[in-house]
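Engineer: For reference, the file data.cif (mmCIF, C-alpha atoms) is included below:
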data_structure
loop_
_atom_site.group_PDB
_atom_site.id
_atom_site.type_symbol
_atom_site.label_atom_id
_atom_site.label_comp_id
_atom_site.auth_asym_id
_atom_site.auth_seq_id
_atom_site.Cartn_x
_atom_site.Cartn_y
_atom_site.Cartn_z
ATOM 1 C CA MET R 1 0.000 0.000 0.000
ATOM 2 C CA THR R 2 1.450 3.330 -1.023
ATOM 3 C CA SER R 3 0.963 6.582 0.856
ATOM 4 C CA GLU R 4 -2.312 8.443 0.460
ATOM 5 C CA SER R 5 -2.746 10.923 -2.400
ATOM 6 C CA CYS R 6 -2.573 14.587 -1.456
ATOM 7 C CA PHE R 7 -5.637 15.197 -3.698
ATOM 8 C CA ASN R 8 -9.207 14.633 -2.562
ATOM 9 C CA CYS R 9 -12.049 13.801 -4.981
ATOM 10 C CA ASN R 10 -12.708 17.426 -5.972
ATOM 11 C CA GLU R 11 -9.059 18.162 -6.573
ATOM 12 C CA THR R 12 -8.772 14.999 -8.634
ATOM 13 C CA MET R 13 -11.838 15.788 -10.752
ATOM 14 C CA GLU R 14 -10.514 19.297 -11.409
ATOM 15 C CA ARG R 15 -7.462 17.681 -12.961
ATOM 16 C CA LEU R 16 -9.223 14.848 -14.741
ATOM 17 C CA HIS R 17 -9.076 16.246 -18.300
ATOM 18 C CA SER R 18 -5.414 17.152 -17.944
ATOM 19 C CA TYR R 19 -4.726 13.719 -16.503
ATOM 20 C CA VAL R 20 -6.510 11.986 -19.377
ATOM 21 C CA ASP R 21 -4.427 14.104 -21.769
ATOM 22 C CA ARG R 22 -1.234 13.414 -19.769
ATOM 23 C CA GLU R 23 -0.664 17.111 -19.402
ATOM 24 C CA LEU R 24 -0.019 17.286 -15.641
ATOM 25 C CA ASN R 25 3.494 17.468 -14.277
ATOM 26 C CA ALA R 26 5.041 14.238 -13.003
ATOM 27 C CA PHE R 27 4.147 14.937 -9.383
ATOM 28 C CA GLU R 28 0.484 15.644 -10.104
ATOM 29 C CA MET R 29 0.219 12.682 -12.493
ATOM 30 C CA GLY R 30 1.433 10.492 -9.645
ATOM 31 C CA GLU R 31 -0.897 11.985 -7.046
ATOM 32 C CA VAL R 32 -3.958 11.721 -9.293
ATOM 33 C CA LYS R 33 -3.080 8.125 -10.075
ATOM 34 C CA LYS R 34 -2.734 7.381 -6.371
ATOM 35 C CA HIS R 35 -6.160 8.850 -5.712
ATOM 36 C CA LEU R 36 -7.742 6.895 -8.591
ATOM 37 C CA ASP R 37 -6.196 3.663 -7.359
ATOM 38 C CA ASP R 38 -7.906 4.172 -4.008
ATOM 39 C CA CYS R 39 -11.222 5.650 -5.161
ATOM 40 C CA PRO R 40 -13.458 3.503 -7.418
ATOM 41 C CA PRO R 41 -16.012 6.291 -8.210
ATOM 42 C CA CYS R 42 -13.273 8.662 -9.417
ATOM 43 C CA GLU R 43 -11.584 5.802 -11.252
ATOM 44 C CA LYS R 44 -14.838 5.150 -13.136
ATOM 45 C CA HIS R 45 -15.017 8.796 -14.168
ATOM 46 C CA PHE R 46 -11.480 8.565 -15.423
ATOM 47 C CA GLU R 47 -12.139 5.371 -17.387
ATOM 48 C CA PHE R 48 -15.234 6.867 -18.940
ATOM 49 C CA ASN R 49 -13.593 10.128 -19.965
ATOM 50 C CA SER R 50 -10.650 8.228 -21.432
ATOM 51 C CA GLN R 51 -13.062 6.133 -23.443
ATOM 52 C CA VAL R 52 -14.845 9.221 -24.769
ATOM 53 C CA LYS R 53 -11.494 10.620 -25.870
ATOM 54 C CA ILE R 54 -10.660 7.353 -27.636
ATOM 55 C CA LEU R 55 -14.138 7.310 -29.197
ATOM 56 C CA VAL R 56 -13.615 10.792 -30.633
ATOM 57 C CA HIS R 57 -10.162 9.787 -31.839
ATOM 58 C CA ASN R 58 -11.309 6.566 -33.502
ATOM 59 C CA LYS R 59 -14.733 7.492 -34.836
ATOM 60 C CA GLY R 60 -14.730 11.284 -35.047
ATOM 61 C CA CYS R 61 -12.991 11.660 -38.399
ATOM 62 C CA PRO R 62 -12.774 8.393 -40.320
ATOM 63 C CA GLU R 63 -12.706 10.008 -43.768
ATOM 64 C CA LYS R 64 -9.674 9.955 -46.002
ATOM 65 C CA ALA R 65 -8.918 12.628 -48.563
ATOM 66 C CA PRO R 66 -10.263 11.825 -52.034
ATOM 67 C CA SER R 67 -7.529 10.330 -54.205
ATOM 68 C CA THR R 68 -7.976 13.091 -56.779
ATOM 69 C CA LEU R 69 -7.085 15.784 -54.257
ATOM 70 C CA VAL R 70 -3.344 15.058 -54.235
ATOM 71 C CA ALA R 71 -3.164 15.490 -58.002
ATOM 72 C CA LYS R 72 -5.027 18.808 -57.778
ATOM 73 C CA ILE R 73 -2.642 20.056 -55.109
ATOM 74 C CA LEU R 74 0.476 19.063 -57.046
ATOM 75 C CA ALA R 75 -0.952 20.730 -60.142
ATOM 76 C CA ASN R 76 -1.487 23.904 -58.098
ATOM 77 C CA PHE R 77 2.193 23.852 -57.140
ATOM 78 C CA ARG R 78 3.269 23.635 -60.759
ATOM 79 C CA GLU R 79 1.016 26.535 -61.753
ATOM 80 C CA SER R 80 2.058 28.790 -58.890
ATOM 81 C CA MET F 1 -6.050 1.159 -20.380
ATOM 82 C CA GLU F 2 -3.762 3.978 -19.574
ATOM 83 C CA THR F 3 -1.328 3.075 -22.308
ATOM 84 C CA MET F 4 -4.026 3.653 -24.930
ATOM 85 C CA LEU F 5 -4.775 7.179 -23.881
ATOM 86 C CA ALA F 6 -2.782 9.537 -25.961
ATOM 87 C CA PRO F 7 -3.527 9.067 -29.645
ATOM 88 C CA PRO F 8 -0.191 8.660 -31.365
ATOM 89 C CA VAL F 9 1.168 11.815 -32.865
ATOM 90 C CA ALA F 10 3.038 11.054 -36.014
ATOM 91 C CA PRO F 11 6.027 13.378 -36.014
ATOM 92 C CA VAL F 12 6.188 14.736 -39.503
ATOM 93 C CA GLN F 13 9.567 15.878 -40.612
ATOM 94 C CA PRO F 14 10.045 17.203 -44.094
ATOM 95 C CA LYS F 15 12.682 15.145 -45.798
ATOM 96 C CA SER F 16 15.814 16.702 -47.163
ATOM 97 C CA LEU F 17 15.287 15.639 -50.718
ATOM 98 C CA ALA F 18 14.952 17.586 -53.895
ATOM 99 C CA LEU F 19 11.459 17.711 -55.298
ATOM 100 C CA ALA F 20 12.010 15.356 -58.215
ATOM 101 C CA SER F 21 8.770 15.873 -60.079
ATOM 102 C CA MET F 22 9.055 19.630 -59.944
ATOM 103 C CA SER F 23 12.720 20.105 -60.680
ATOM 104 C CA GLN F 24 11.819 22.082 -63.800
ATOM 105 C CA GLN F 25 10.112 24.663 -61.603
ATOM 106 C CA PRO F 26 12.400 25.401 -58.714
ATOM 107 C CA ALA F 27 10.579 26.579 -55.606
ATOM 108 C CA PRO F 28 11.676 29.747 -53.756
ATOM 109 C CA ALA F 29 15.185 29.896 -52.297
ATOM 110 C CA ALA F 30 15.316 28.037 -48.959
ATOM 111 C CA ALA F 31 12.662 25.631 -50.125
ATOM 112 C CA ALA F 32 15.022 23.042 -51.543
ATOM 113 C CA ASP F 33 15.037 21.311 -48.149
ATOM 114 C CA PHE F 34 11.443 20.127 -48.503
ATOM 115 C CA ASP F 35 10.071 17.173 -50.306
ATOM 116 C CA PHE F 36 6.737 18.820 -50.732
ATOM 117 C CA GLU F 37 5.178 15.937 -52.563
ATOM 118 C CA ALA F 38 5.970 13.672 -49.609
ATOM 119 C CA ALA F 39 4.703 16.320 -47.195
ATOM 120 C CA VAL F 40 1.392 16.424 -49.057
ATOM 121 C CA ALA F 41 1.064 12.656 -48.972
ATOM 122 C CA GLU F 42 1.862 12.490 -45.266
ATOM 123 C CA ASN F 43 -0.504 15.229 -44.136
ATOM 124 C CA ILE F 44 -3.366 15.327 -46.579
ATOM 125 C CA ASP F 45 -5.684 12.971 -44.699
ATOM 126 C CA ALA F 46 -5.241 14.854 -41.425
ATOM 127 C CA LEU F 47 -5.852 18.245 -43.012
ATOM 128 C CA TYR F 48 -8.816 16.951 -44.977
ATOM 129 C CA ARG F 49 -10.601 15.327 -42.043
ATOM 130 C CA GLY F 50 -10.043 18.503 -40.004
ATOM 131 C CA ALA F 51 -11.340 20.665 -42.854
ATOM 132 C CA LEU F 52 -14.332 18.387 -43.292
ATOM 133 C CA ARG F 53 -15.370 18.626 -39.636
ATOM 134 C CA MET F 54 -14.899 22.404 -39.669
ATOM 135 C CA THR F 55 -16.669 23.201 -42.981
ATOM 136 C CA ARG F 56 -19.023 20.181 -42.828
ATOM 137 C CA LYS F 57 -18.974 20.033 -46.646
ATOM 138 C CA PRO F 58 -16.683 17.858 -48.799
ATOM 139 C CA GLU F 59 -16.279 20.423 -51.609
ATOM 140 C CA GLU F 60 -15.443 23.207 -49.190
ATOM 141 C CA ALA F 61 -13.074 20.952 -47.290
ATOM 142 C CA GLU F 62 -11.228 20.078 -50.495
ATOM 143 C CA ASP F 63 -10.997 23.718 -51.378
ATOM 144 C CA LEU F 64 -9.662 24.647 -47.944
ATOM 145 C CA VAL F 65 -7.008 21.918 -48.077
ATOM 146 C CA GLN F 66 -5.913 22.943 -51.560
ATOM 147 C CA GLU F 67 -5.492 26.532 -50.471
ATOM 148 C CA THR F 68 -3.663 25.442 -47.319
ATOM 149 C CA PHE F 69 -1.071 23.477 -49.280
ATOM 150 C CA LEU F 70 -0.721 26.216 -51.852
ATOM 151 C CA ARG F 71 0.037 28.741 -49.118
ATOM 152 C CA ALA F 72 2.404 26.337 -47.427
ATOM 153 C CA TYR F 73 4.196 25.848 -50.739
ATOM 154 C CA ARG F 74 4.472 29.564 -51.384
ATOM 155 C CA PHE F 75 5.547 30.430 -47.860
ATOM 156 C CA GLN F 76 7.695 27.387 -47.164
ATOM 157 C CA HIS F 77 10.692 29.622 -46.489
ATOM 158 C CA GLN F 78 8.831 30.742 -43.346
ATOM 159 C CA PHE F 79 8.743 27.240 -41.916
ATOM 160 C CA GLN F 80 11.369 26.718 -39.231
ATOM 161 C CA PRO F 81 13.129 23.402 -39.800
ATOM 162 C CA GLY F 82 13.065 21.211 -36.728
ATOM 163 C CA THR F 83 9.610 22.405 -35.678
ATOM 164 C CA ASN F 84 6.449 20.392 -36.264
ATOM 165 C CA PHE F 85 5.492 20.588 -39.932
ATOM 166 C CA LYS F 86 2.033 19.116 -39.410
ATOM 167 C CA ALA F 87 1.350 21.774 -36.760
ATOM 168 C CA TRP F 88 2.509 24.468 -39.173
ATOM 169 C CA LEU F 89 0.085 23.223 -41.830
ATOM 170 C CA PHE F 90 -2.754 23.180 -39.321
ATOM 171 C CA LYS F 91 -1.951 26.735 -38.336
ATOM 172 C CA ILE F 92 -2.235 27.842 -41.952
ATOM 173 C CA GLN F 93 -5.501 25.947 -42.373
ATOM 174 C CA THR F 94 -6.927 27.349 -39.123
ATOM 175 C CA ASN F 95 -6.198 30.914 -40.170
ATOM 176 C CA LEU F 96 -7.700 30.297 -43.592
ATOM 177 C CA PHE F 97 -10.831 28.825 -42.061
ATOM 178 C CA ARG F 98 -11.190 31.771 -39.713
ATOM 179 C CA SER F 99 -10.896 34.328 -42.463
ATOM 180 C CA ARG F 100 -13.206 32.490 -44.866
ATOM 181 C CA TYR F 101 -15.834 31.679 -42.273
ATOM 182 C CA ARG F 102 -15.468 34.807 -40.194
ATOM 183 C CA LYS F 103 -19.149 35.263 -39.543
ATOM 184 C CA GLN F 104 -19.673 31.695 -38.399
ATOM 185 C CA TYR F 105 -16.474 31.756 -36.362
ATOM 186 C CA ASN F 106 -17.238 35.030 -34.617
ATOM 187 C CA SER F 107 -20.858 34.307 -33.778
ATOM 188 C CA PRO F 108 -21.478 33.983 -30.035
ATOM 189 C CA GLN F 109 -20.222 30.615 -28.911
ATOM 190 C CA SER F 110 -20.133 30.524 -25.173
ATOM 191 C CA LEU F 111 -20.704 27.155 -23.568
ATOM 192 C CA ASP F 112 -21.364 28.426 -20.083
ATOM 193 C CA ASN F 113 -24.307 26.215 -19.282
ATOM 194 C CA THR F 114 -22.748 22.836 -19.882
ATOM 195 C CA GLU F 115 -22.931 20.227 -17.190
ATOM 196 C CA GLU F 116 -19.962 18.366 -15.766
ATOM 197 C CA PHE F 117 -19.735 14.665 -16.744
ATOM 198 C CA TYR F 118 -23.149 14.850 -18.402
ATOM 199 C CA LEU F 119 -23.124 11.629 -20.361
ATOM 200 C CA TYR F 120 -21.709 9.570 -17.548
ATOM 201 C CA GLN F 121 -24.227 10.896 -15.035
ATOM 202 C CA HIS F 122 -27.153 10.317 -17.356
ATOM 203 C CA LEU F 123 -26.102 6.892 -18.490
ATOM 204 C CA GLY F 124 -25.759 5.788 -14.902
ATOM 205 C CA ALA F 125 -29.438 6.602 -14.409
ATOM 206 C CA ASP F 126 -30.940 5.434 -17.708
ATOM 207 C CA VAL F 127 -29.183 2.281 -18.719
ATOM 208 C CA PRO F 128 -30.232 -1.104 -17.406
ATOM 209 C CA GLN F 129 -27.803 -2.630 -14.981
ATOM 210 C CA GLY F 130 -24.820 -4.341 -16.533
ATOM 211 C CA ASP F 131 -21.151 -4.748 -15.841
ATOM 212 C CA ASP F 132 -20.311 -1.296 -17.112
ATOM 213 C CA PRO F 133 -23.400 0.270 -18.703
ATOM 214 C CA ALA F 134 -21.747 3.558 -19.605
ATOM 215 C CA ALA F 135 -18.922 1.827 -21.455
ATOM 216 C CA ASP F 136 -21.398 -0.436 -23.266
ATOM 217 C CA VAL F 137 -23.205 2.598 -24.624
ATOM 218 C CA LEU F 138 -19.964 4.153 -25.845
ATOM 219 C CA ASP F 139 -19.162 0.930 -27.702
ATOM 220 C CA LYS F 140 -22.489 1.120 -29.496
ATOM 221 C CA LEU F 141 -22.099 4.711 -30.646
ATOM 222 C CA GLY F 142 -21.235 4.801 -34.324
ATOM 223 C CA VAL F 143 -19.263 7.070 -36.612
ATOM 224 C CA GLU F 144 -22.381 9.027 -37.494
ATOM 225 C CA GLU F 145 -23.297 9.950 -33.914
ATOM 226 C CA VAL F 146 -19.745 10.965 -33.065
ATOM 227 C CA ARG F 147 -19.394 13.009 -36.254
ATOM 228 C CA LYS F 148 -22.632 14.891 -35.589
ATOM 229 C CA ALA F 149 -21.702 15.532 -31.959
ATOM 230 C CA ILE F 150 -18.377 17.044 -33.019
ATOM 231 C CA GLU F 151 -19.971 19.156 -35.744
ATOM 232 C CA ASP F 152 -22.499 20.527 -33.247
ATOM 233 C CA LEU F 153 -19.698 22.200 -31.296
ATOM 234 C CA PRO F 154 -19.151 25.909 -31.914
ATOM 235 C CA PRO F 155 -16.066 26.330 -34.169
ATOM 236 C CA ALA F 156 -13.645 27.529 -31.457
ATOM 237 C CA TYR F 157 -14.417 24.488 -29.311
ATOM 238 C CA ARG F 158 -14.555 22.118 -32.259
ATOM 239 C CA GLU F 159 -11.108 23.048 -33.553
ATOM 240 C CA THR F 160 -9.645 22.586 -30.054
ATOM 241 C CA VAL F 161 -11.168 19.133 -29.562
ATOM 242 C CA LEU F 162 -10.117 18.055 -33.068
ATOM 243 C CA LEU F 163 -6.509 19.140 -32.612
ATOM 244 C CA THR F 164 -6.045 17.457 -29.239
ATOM 245 C CA ASP F 165 -8.270 14.387 -29.457
ATOM 246 C CA VAL F 166 -8.147 13.490 -33.139
ATOM 247 C CA GLU F 167 -4.708 14.752 -34.115
ATOM 248 C CA GLY F 168 -3.038 14.205 -30.750
ATOM 249 C CA PHE F 169 -1.415 17.622 -30.452
ATOM 250 C CA SER F 170 -0.312 18.668 -26.963
ATOM 251 C CA TYR F 171 -1.954 21.632 -25.217
ATOM 252 C CA LYS F 172 1.087 23.730 -26.048
ATOM 253 C CA GLU F 173 1.058 22.783 -29.735
ATOM 254 C CA THR F 174 -2.702 23.361 -29.914
ATOM 255 C CA ALA F 175 -2.247 26.775 -28.272
ATOM 256 C CA GLU F 176 0.387 27.710 -30.851
ATOM 257 C CA ILE F 177 -1.739 26.539 -33.776
ATOM 258 C CA LEU F 178 -4.790 28.461 -32.527
ATOM 259 C CA GLU F 179 -2.756 31.442 -31.285
ATOM 260 C CA VAL F 180 -4.418 31.416 -27.863
ATOM 261 C CA PRO F 181 -2.995 30.871 -24.344
ATOM 262 C CA VAL F 182 -2.696 27.294 -23.033
ATOM 263 C CA GLY F 183 -5.332 28.155 -20.394
ATOM 264 C CA THR F 184 -7.798 28.923 -23.174
ATOM 265 C CA VAL F 185 -7.081 25.560 -24.797
ATOM 266 C CA MET F 186 -7.773 23.865 -21.467
ATOM 267 C CA SER F 187 -11.047 25.647 -20.813
ATOM 268 C CA ARG F 188 -12.297 25.154 -24.392
ATOM 269 C CA LEU F 189 -11.373 21.514 -24.226
ATOM 270 C CA HIS F 190 -13.122 21.092 -20.918
ATOM 271 C CA ARG F 191 -16.325 22.825 -22.001
ATOM 272 C CA GLY F 192 -16.170 21.380 -25.492
ATOM 273 C CA ARG F 193 -15.996 17.858 -24.132
ATOM 274 C CA GLN F 194 -18.910 18.526 -21.797
ATOM 275 C CA ARG F 195 -21.050 19.734 -24.690
ATOM 276 C CA LEU F 196 -19.871 16.808 -26.778
ATOM 277 C CA GLN F 197 -21.064 14.414 -24.090
ATOM 278 C CA GLU F 198 -24.455 16.125 -24.035
ATOM 279 C CA SER F 199 -24.772 15.737 -27.811
ATOM 280 C CA LEU F 200 -23.591 12.125 -27.719
ATOM 281 C CA TYR F 201 -26.297 11.418 -25.195
ATOM 282 C CA ASP F 202 -28.946 13.034 -27.392
ATOM 283 C CA TYR F 203 -27.818 11.069 -30.448
ATOM 284 C CA ALA F 204 -27.610 7.869 -28.433
ATOM 285 C CA LYS F 205 -31.257 8.394 -27.528
ATOM 286 C CA GLU F 206 -32.221 9.289 -31.075
ATOM 287 C CA SER F 207 -30.636 6.156 -32.513
ATOM 288 C CA GLY F 208 -32.053 3.946 -29.784
ATOM 289 C CA VAL F 209 -28.736 3.082 -28.138
ATOM 290 C CA VAL F 210 -30.202 4.546 -24.952
ATOM 291 C CA GLU F 211 -33.886 4.260 -24.131
#
What is this structure when it is put down as structure tokens?

Structural biologist:
Amino acid sequence: MTSESCFNCNETMERLHSYVDRELNAFEMGEVKKHLDDCPPCEKHFEFNSQVKILVHNKGCPEKAPSTLVAKILANFRES
Amino acid sequence: METMLAPPVAPVQPKSLALASMSQQPAPAAAADFDFEAAVAENIDALYRGALRMTRKPEEAEDLVQETFLRAYRFQHQFQPGTNFKAWLFKIQTNLFRSRYRKQYNSPQSLDNTEEFYLYQHLGADVPQGDDPAADVLDKLGVEEVRKAIEDLPPAYRETVLLTDVEGFSYKETAEILEVPVGTVMSRLHRGRQRLQESLYDYAKESGVVE
């Protein structure tokens, strides 16, 4: 058992987006993780928000550029 | 789970090769360092999907991407080697979008009345008991629901969510592309994701994923 996190639930939730995005400093990443390990309700929030981020990443923009677009762009270069 | 979090950011470095197919038409001075044809191939899908979510129309997206690459080609001497080329392209495209769609971009777009953890809270209440009802609903959401939920976001929030969640740019890179402070990226991301969850919930209901 590790030491207790210095963040409570509110302080953890305030940092949840930044934690999901891995944008906290090393200390805060560690403290949030400690809290989540010990707090199932906060851990569920984290899991859910991570999954929404992955959902947006995987299903938000599945389209590929039309194959004709590259040719148009290269032709623009030659004309410019 | 945690290892899957950050979508991979493909570092795009222009290659130091001469532009073979365009050797008859030399590009401006310092440009010889770029293989522009390779740069187009590497970045076109990312720019196009971004343009498509912002304009919502394939023809307009194509047009925006064409203009973005043309500007990048003309102003390639302004690119600082060693910095992120994909980010530079997105910055050009963002500025183009803002100037072309000024009215839409500048219309009031505050998201003050969004609710924290909306989807999660509502799914907890509405979905029949299961191992992880909220996660089950997310699995059932399709491309169409997610696309519509993103396109519902006001442009300033939409571009922020797209850059961080779809393209995997860091807060700092996103801030530089959008020319706003990192704190603004964070608050737009926060509010944008809240609104996104509200829309996902609505579309989940509409399509019968949630009763």

Engineer: Could you list, as a list of chain:residue names, every residue matched by the PyMOL selection byres ((chain F) within 6 of (chain R)) in this structure?

Structural biologist: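 This file gives the following for the PyMOL selection byres ((chain F) within 6 of (chain R)): F:Asp45, F:Tyr48, F:Arg49, F:Gln66, F:Val143, F:Val146, F:Arg147, F:Asp165, F:Val166.
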
Engineer: Mind giving me the straight-line distance from CA of Val32 (chain R) to CA of Thr12 (chain R) in Å, one decimal?

Structural biologist: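 Spanning CA of Val32 (chain R) to CA of Thr12 (chain R) is a straight-line distance of 5.9 Å.
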
Engineer: If you apply the PyMOL selection byres ((chain R and resi 34) around 9) to this file, what residues do you get, as a list in words?

Structural biologist: Thr2, Ser3, Glu4, Ser5, Cys6, Phe7, Met29, Gly30, Glu31, Val32, Lys33, His35, Leu36, Asp37, Asp38 and Cys39 of chain R

Engineer: Please compute the CA of Glu28 (chain R)-CA of Gln194 (chain F) distance, one decimal, in Å.

Structural biologist: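 Between CA of Glu28 (chain R) and CA of Gln194 (chain F) the gap works out to 22.8 Å.
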
Engineer: Between F:Gln121, F:Gln80, F:Asn113, F:Thr55, which is the closest to Ile150 (chain F) once you count all atoms listed in the file?

Structural biologist: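 Result for the nearest residue to Ile150 (chain F): F:Thr55.
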
Engineer: Taking the file as shown, what set of residues would the PyMOL selection byres ((chain F and resi 70-76) around 7) give back, as a ChimeraX atom specification?

Structural biologist: /R:76-77 /F:31,66-69,77-79,89

Engineer: Box along x, y and z, 5 Å on every side, all listed atoms of region 18-31 of chain R inside: centre and edge lengths in Å to one decimal, as lines of an AutoDock Vina configuration file.

Structural biologist:
center_x = -0.7
center_y = 14.0
center_z = -14.4
size_x = 21.6
size_y = 17.0
size_z = 24.7

Engineer: Expressed in Å to a single decimal, how great is the separation between CA of Asp35 (chain F) and CA of Lys91 (chain F)?

Structural biologist: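 Distance between the two atoms: 19.5 Å.
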
Engineer: Nearest to Leu162 (chain F) among F:Pro58, F:Ala149, F:Val182, F:Pro81, with distances taken over all atoms listed in the file: which residue is it?

Structural biologist: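 For Leu162 (chain F), the nearest of the candidates is F:Ala149.
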
Engineer: Find the residue from F:Ala41, F:Phe36, F:Asp202, F:Glu62 that sits nearest to His122 (chain F); use all atoms listed in the file when measuring.

Structural biologist: F:Asp202

Engineer: Excluding region 155-157 of chain F and any residue of its chain fewer than 4 positions from it, enumerate the residues within 10 Å of it, using only C-alpha atoms, and give them as an mmCIF file with C-alpha atoms, in the frame of the given file.

Structural biologist:
data_model
loop_
_atom_site.group_PDB
_atom_site.id
_atom_site.type_symbol
_atom_site.label_atom_id
_atom_site.label_comp_id
_atom_site.auth_asym_id
_atom_site.auth_seq_id
_atom_site.Cartn_x
_atom_site.Cartn_y
_atom_site.Cartn_z
ATOM 1 C CA ARG F 53 -15.370 18.626 -39.636
ATOM 2 C CA MET F 54 -14.899 22.404 -39.669
ATOM 3 C CA THR F 55 -16.669 23.201 -42.981
ATOM 4 C CA PHE F 97 -10.831 28.825 -42.061
ATOM 5 C CA ARG F 98 -11.190 31.771 -39.713
ATOM 6 C CA TYR F 101 -15.834 31.679 -42.273
ATOM 7 C CA GLN F 104 -19.673 31.695 -38.399
ATOM 8 C CA TYR F 105 -16.474 31.756 -36.362
ATOM 9 C CA ASN F 106 -17.238 35.030 -34.617
ATOM 10 C CA SER F 107 -20.858 34.307 -33.778
ATOM 11 C CA GLN F 109 -20.222 30.615 -28.911
ATOM 12 C CA SER F 110 -20.133 30.524 -25.173
ATOM 13 C CA LEU F 111 -20.704 27.155 -23.568
ATOM 14 C CA ILE F 150 -18.377 17.044 -33.019
ATOM 15 C CA GLU F 151 -19.971 19.156 -35.744
ATOM 16 C CA VAL F 161 -11.168 19.133 -29.562
ATOM 17 C CA LEU F 162 -10.117 18.055 -33.068
ATOM 18 C CA LEU F 178 -4.790 28.461 -32.527
ATOM 19 C CA VAL F 185 -7.081 25.560 -24.797
ATOM 20 C CA SER F 187 -11.047 25.647 -20.813
ATOM 21 C CA ARG F 188 -12.297 25.154 -24.392
ATOM 22 C CA LEU F 189 -11.373 21.514 -24.226
ATOM 23 C CA HIS F 190 -13.122 21.092 -20.918
ATOM 24 C CA ARG F 191 -16.325 22.825 -22.001
ATOM 25 C CA GLY F 192 -16.170 21.380 -25.492
ATOM 26 C CA ARG F 193 -15.996 17.858 -24.132
ATOM 27 C CA ARG F 195 -21.050 19.734 -24.690
ATOM 28 C CA LEU F 196 -19.871 16.808 -26.778
#

Engineer: Show me, as a list in words, the residues that have an atom within 12 Å of Tyr201 (chain F) when counting only C-alpha atoms, minus same-chain residues fewer than 5 positions from it.

Structural biologist: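 Selected residues are Val52 of chain R; Phe117, Tyr118, Leu119, Tyr120, Gln121, His122, Leu123, Gly124, Asp126, Val127, Ala134, Val137, Leu138, Lys140, Leu141, Glu145, Val146, Lys148, Ala149, Gln194, Arg195, Leu196, Glu206, Ser207, Gly208, Val209, Val210 and Glu211 of chain F.
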